[in-house]
Structure formats: C-alpha cells, structure tokens
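In what follows, a structure is listed as structure tokens, so that the remarks can point back to it.
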Amino acid sequence: MSVPRSAEPQVLALLRELGAETIAHPGGTLLAHLRRVQEQLAAWGARPALRLAGLCHAFYGTDGFPTSLLPLDRRAELAAVIGTEAEALVYFYAACDRRSSYPTLADADAAFRDRFTGRTFTPDLGLRRDFAELSAANELDIARIDPAFREASGAGLLTLFTRLRALLSRSAWTDCHAELGPAAPTP
C-alpha cells in the first residue's frame, strides 16, 4: 500500500488547522509529541506508513488521551492525506481498549477489544507488531519528557514491553529496556 508523497507536509498543516499545536501534552504540545513519536519510529527504521501513523496516532484520541482532533465519521479525510494503511493503523491504535487488550497482545490468539465498537477480534501479527512499536515510541517519549510519569508508570511499562518483546524491533526493545529498566536514568 502506498503512502502519498506529500503526506507529511499535508498532515502537519492539518494538525495545525485542527489545533494540535495548542493542545497541552507532556513536553509541550500535542503536535510536538506527535513529531517526536514519528522521529522515534524513523530512528528505529519503521516503514513510511508506520511513521505517518506515529505522527497521527492521536487523531481519534486514545484510551489514555481522550482528546480527539477528528471524529470517527471523518476517517476518510485522514485516509486521503496519509493513505489507507497508515489511517487504519491510526484507527487501530486509537481503538485499543488497553485494559482488555494489553494482557494478551503478544499471544497468537490475542483478543483485541475495539473501544469504539465493543467488538473483539484477533489482529494479525503484523498489526500487533505495528501497535507494539507505536506504543513503545509513544510511551517512551512521555517517559523521557515527564519524570513524574516515568516514576509512576515506568515499571508497569517495562512489564508491558517485556511481555511484548517478541513484537518489538530490536531497536525498540533496546530503548525500552534502557529507558525504563532498573538502570534507567533519573532526572
């Protein structure tokens, strides 16, 4: 599936138009966070669609960040800018009912619950890998920016990413362990 060549400038313009640079988020603004997540995914060698999903992962809000930039009935607008593959990743990330889905995500028969529809299904391995990689980039960005978050959530995140290790790229796992592990830097 192709990614539109002009996607990044267009999505940055759309993010600004929808107010992402005025929405508070750890480390400054939502837009700054989204860009850092995209950059982290790029540093790990993620393909273009996953990098774009990282830049757009909060368009529909998430289970941990309810502010949305677009309602779900406007998904086609985002897909027109970033492509259907990247938009489907954005939706999948936003739809995750974390309490229900996180415990089995690494399992071949993972039960993923869509918080928007209530539907439960088993996502394929590729989708689970993309989700794990995007989750790691997202959470590591917040942990690096917000010492209180790292203190409160770091151990739980390390437990999660240890469980998801088989889904993570080597680079993502190395960064998770370095940032969240026992020898992680303290601010």
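Numbering starts fresh at 1 for the residues of each chain in the structure tokens, the chains themselves are lettered A, B, ... in the order given, and ligands are numbered from 1 as they appear.
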**Asked** Just asking: which residues within segment 9-182 of chain A are alpha helix (DSSP H) according to DSSP, as a ChimeraX atom specification?
**Response** /A:9-17,30-43,48-56,75-82,84-95,98-101,125-145,147-163,170-180
Deliver the residues from the most recent selection as a file, using C-alpha atoms, as an mmCIF file, in the first residue's frame.
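So the final result, stored in part-v7.cif, reads:
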data_model
loop_
_atom_site.group_PDB
_atom_site.id
_atom_site.type_symbol
_atom_site.label_atom_id
_atom_site.label_comp_id
_atom_site.auth_asym_id
_atom_site.auth_seq_id
_atom_site.Cartn_x
_atom_site.Cartn_y
_atom_site.Cartn_z
ATOM 1 C CA PRO A 9 3.529 18.485 4.884
ATOM 2 C CA GLN A 10 -0.211 17.996 4.382
ATOM 3 C CA VAL A 11 -0.694 16.206 7.693
ATOM 4 C CA LEU A 12 1.349 18.853 9.548
ATOM 5 C CA ALA A 13 -0.891 21.523 8.039
ATOM 6 C CA LEU A 14 -3.971 19.528 9.047
ATOM 7 C CA LEU A 15 -2.640 19.044 12.581
ATOM 8 C CA ARG A 16 -2.093 22.783 12.902
ATOM 9 C CA GLU A 17 -5.514 23.532 11.418
ATOM 10 C CA LEU A 30 0.361 17.508 21.233
ATOM 11 C CA LEU A 31 1.995 18.441 17.932
ATOM 12 C CA ALA A 32 5.480 18.375 19.484
ATOM 13 C CA HIS A 33 4.740 14.934 20.980
ATOM 14 C CA LEU A 34 3.416 13.563 17.687
ATOM 15 C CA ARG A 35 6.525 14.741 15.855
ATOM 16 C CA ARG A 36 8.803 13.145 18.458
ATOM 17 C CA VAL A 37 6.916 9.839 18.153
ATOM 18 C CA GLN A 38 7.297 9.954 14.373
ATOM 19 C CA GLU A 39 11.009 10.720 14.724
ATOM 20 C CA GLN A 40 11.462 7.828 17.165
ATOM 21 C CA LEU A 41 9.791 5.425 14.760
ATOM 22 C CA ALA A 42 12.027 6.698 11.956
ATOM 23 C CA ALA A 43 15.115 6.163 14.140
ATOM 24 C CA PRO A 48 6.674 5.175 5.948
ATOM 25 C CA ALA A 49 3.086 4.119 6.804
ATOM 26 C CA LEU A 50 4.011 3.401 10.426
ATOM 27 C CA ARG A 51 5.933 6.672 10.729
ATOM 28 C CA LEU A 52 2.874 8.540 9.441
ATOM 29 C CA ALA A 53 0.669 6.638 11.885
ATOM 30 C CA GLY A 54 3.032 7.782 14.632
ATOM 31 C CA LEU A 55 2.593 11.380 13.533
ATOM 32 C CA CYS A 56 -1.181 10.942 13.501
ATOM 33 C CA ARG A 75 -11.790 8.936 8.867
ATOM 34 C CA ALA A 76 -11.840 9.245 5.085
ATOM 35 C CA GLU A 77 -10.371 12.751 5.359
ATOM 36 C CA LEU A 78 -7.298 11.487 7.184
ATOM 37 C CA ALA A 79 -7.003 8.486 4.832
ATOM 38 C CA ALA A 80 -6.985 10.856 1.853
ATOM 39 C CA VAL A 81 -3.924 12.592 3.316
ATOM 40 C CA ILE A 82 -1.871 9.702 4.745
ATOM 41 C CA THR A 84 -5.460 3.866 3.906
ATOM 42 C CA GLU A 85 -2.757 1.713 5.512
ATOM 43 C CA ALA A 86 -1.495 4.473 7.811
ATOM 44 C CA GLU A 87 -5.050 5.581 8.646
ATOM 45 C CA ALA A 88 -6.019 2.006 9.535
ATOM 46 C CA LEU A 89 -3.062 1.921 11.958
ATOM 47 C CA VAL A 90 -4.168 5.222 13.492
ATOM 48 C CA TYR A 91 -7.675 3.842 13.984
ATOM 49 C CA PHE A 92 -6.381 0.548 15.413
ATOM 50 C CA TYR A 93 -4.158 2.386 17.888
ATOM 51 C CA ALA A 94 -6.954 4.727 18.935
ATOM 52 C CA ALA A 95 -9.499 1.925 19.209
ATOM 53 C CA ARG A 98 -5.997 -1.122 26.846
ATOM 54 C CA ARG A 99 -7.305 -2.840 29.957
ATOM 55 C CA SER A 100 -8.891 -5.556 27.869
ATOM 56 C CA SER A 101 -6.309 -5.863 25.077
ATOM 57 C CA LEU A 125 0.871 -10.498 13.708
ATOM 58 C CA GLY A 126 1.842 -7.529 11.536
ATOM 59 C CA LEU A 127 -0.819 -5.319 13.069
ATOM 60 C CA ARG A 128 0.180 -6.360 16.584
ATOM 61 C CA ARG A 129 3.830 -5.584 15.778
ATOM 62 C CA ASP A 130 2.935 -2.141 14.453
ATOM 63 C CA PHE A 131 0.806 -1.483 17.521
ATOM 64 C CA ALA A 132 3.596 -2.546 19.896
ATOM 65 C CA GLU A 133 6.172 -0.407 18.090
ATOM 66 C CA LEU A 134 3.904 2.646 18.068
ATOM 67 C CA SER A 135 3.009 2.094 21.731
ATOM 68 C CA ALA A 136 6.678 1.915 22.680
ATOM 69 C CA ALA A 137 7.521 5.106 20.766
ATOM 70 C CA ASN A 138 4.583 6.903 22.355
ATOM 71 C CA GLU A 139 5.215 5.820 25.937
ATOM 72 C CA LEU A 140 8.987 6.279 25.764
ATOM 73 C CA ASP A 141 8.514 9.833 24.552
ATOM 74 C CA ILE A 142 6.348 10.644 27.544
ATOM 75 C CA ALA A 143 8.714 8.844 29.939
ATOM 76 C CA ARG A 144 11.662 10.847 28.614
ATOM 77 C CA ILE A 145 9.831 14.148 28.877
ATOM 78 C CA PRO A 147 9.955 12.356 35.138
ATOM 79 C CA ALA A 148 6.792 12.021 37.244
ATOM 80 C CA PHE A 149 5.208 9.840 34.572
ATOM 81 C CA ARG A 150 8.334 7.692 34.359
ATOM 82 C CA GLU A 151 8.386 7.331 38.148
ATOM 83 C CA ALA A 152 4.702 6.397 38.339
ATOM 84 C CA SER A 153 4.423 4.269 35.200
ATOM 85 C CA GLY A 154 7.921 3.160 34.225
ATOM 86 C CA ALA A 155 7.861 -0.225 35.965
ATOM 87 C CA GLY A 156 4.432 -1.079 34.557
ATOM 88 C CA LEU A 157 5.519 -0.041 31.072
ATOM 89 C CA LEU A 158 8.671 -2.143 31.325
ATOM 90 C CA THR A 159 6.498 -5.104 32.326
ATOM 91 C CA LEU A 160 4.222 -4.447 29.339
ATOM 92 C CA PHE A 161 7.055 -4.081 26.836
ATOM 93 C CA THR A 162 8.843 -7.120 28.250
ATOM 94 C CA ARG A 163 5.662 -9.091 27.574
ATOM 95 C CA ARG A 170 15.447 -4.936 18.415
ATOM 96 C CA SER A 171 15.947 -1.154 18.463
ATOM 97 C CA ALA A 172 12.612 -0.501 20.159
ATOM 98 C CA TRP A 173 13.236 -3.170 22.807
ATOM 99 C CA THR A 174 16.749 -1.850 23.471
ATOM 100 C CA ASP A 175 15.361 1.651 24.020
ATOM 101 C CA CYS A 176 12.512 0.366 26.228
ATOM 102 C CA HIS A 177 14.950 -1.512 28.425
ATOM 103 C CA ALA A 178 17.437 1.366 28.559
ATOM 104 C CA GLU A 179 14.787 3.989 29.340
ATOM 105 C CA LEU A 180 12.545 2.016 31.686
#
**Request:** Counting only C-alpha atoms, figure out which residue out of A:Leu72, A:Gly27, A:Gly83, A:Thr120 gets nearest to Glu8 of chain A.
**Result:** A:Gly83
**Message:** What's the separation between atom CA of Ala106 of chain A and atom CA of Leu164 of chain A, in Å to one decimal place?
**Reply:**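 These two atoms are separated by 5.3 Å.
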**Item:** atom CA of Phe65 of chain A to atom CA of Gly28 of chain A, straight-line distance in Å
**Value:** 14.7 Å
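Checking A:Tyr102, A:Arg165, A:Thr62, A:Leu69 one by one against Glu21 of chain A, counting only C-alpha atoms, you find the shortest gap at A:Leu69.
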**Complete:** In Å and to one decimal, atom CA of Asp73 of chain A is distant from atom CA of Tyr60 of chain A by 10.1 Å
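When DSSP reads the backbone of this structure, the residues of segment 101-160 of chain A it assigns to strand (DSSP E) are Phe112, Arg113, Thr120 and Phe121 of chain A.
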I need the chosen residues saved as an mmCIF file, in the first residue's frame, with N, CA and C atoms.
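Written output follows (again_37.cif):
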data_model
loop_
_atom_site.group_PDB
_atom_site.id
_atom_site.type_symbol
_atom_site.label_atom_id
_atom_site.label_comp_id
_atom_site.auth_asym_id
_atom_site.auth_seq_id
_atom_site.Cartn_x
_atom_site.Cartn_y
_atom_site.Cartn_z
ATOM 1 N N PHE A 112 -8.327 -8.588 20.932
ATOM 2 C CA PHE A 112 -8.253 -7.130 20.868
ATOM 3 C C PHE A 112 -9.664 -6.583 20.930
ATOM 4 N N ARG A 113 -9.904 -5.693 21.884
ATOM 5 C CA ARG A 113 -11.236 -5.088 22.018
ATOM 6 C C ARG A 113 -11.198 -3.667 21.485
ATOM 7 N N THR A 120 -14.672 -7.538 19.628
ATOM 8 C CA THR A 120 -13.408 -8.189 19.982
ATOM 9 C C THR A 120 -13.000 -9.084 18.817
ATOM 10 N N PHE A 121 -11.717 -9.035 18.451
ATOM 11 C CA PHE A 121 -11.211 -9.849 17.350
ATOM 12 C C PHE A 121 -9.737 -10.137 17.580
#
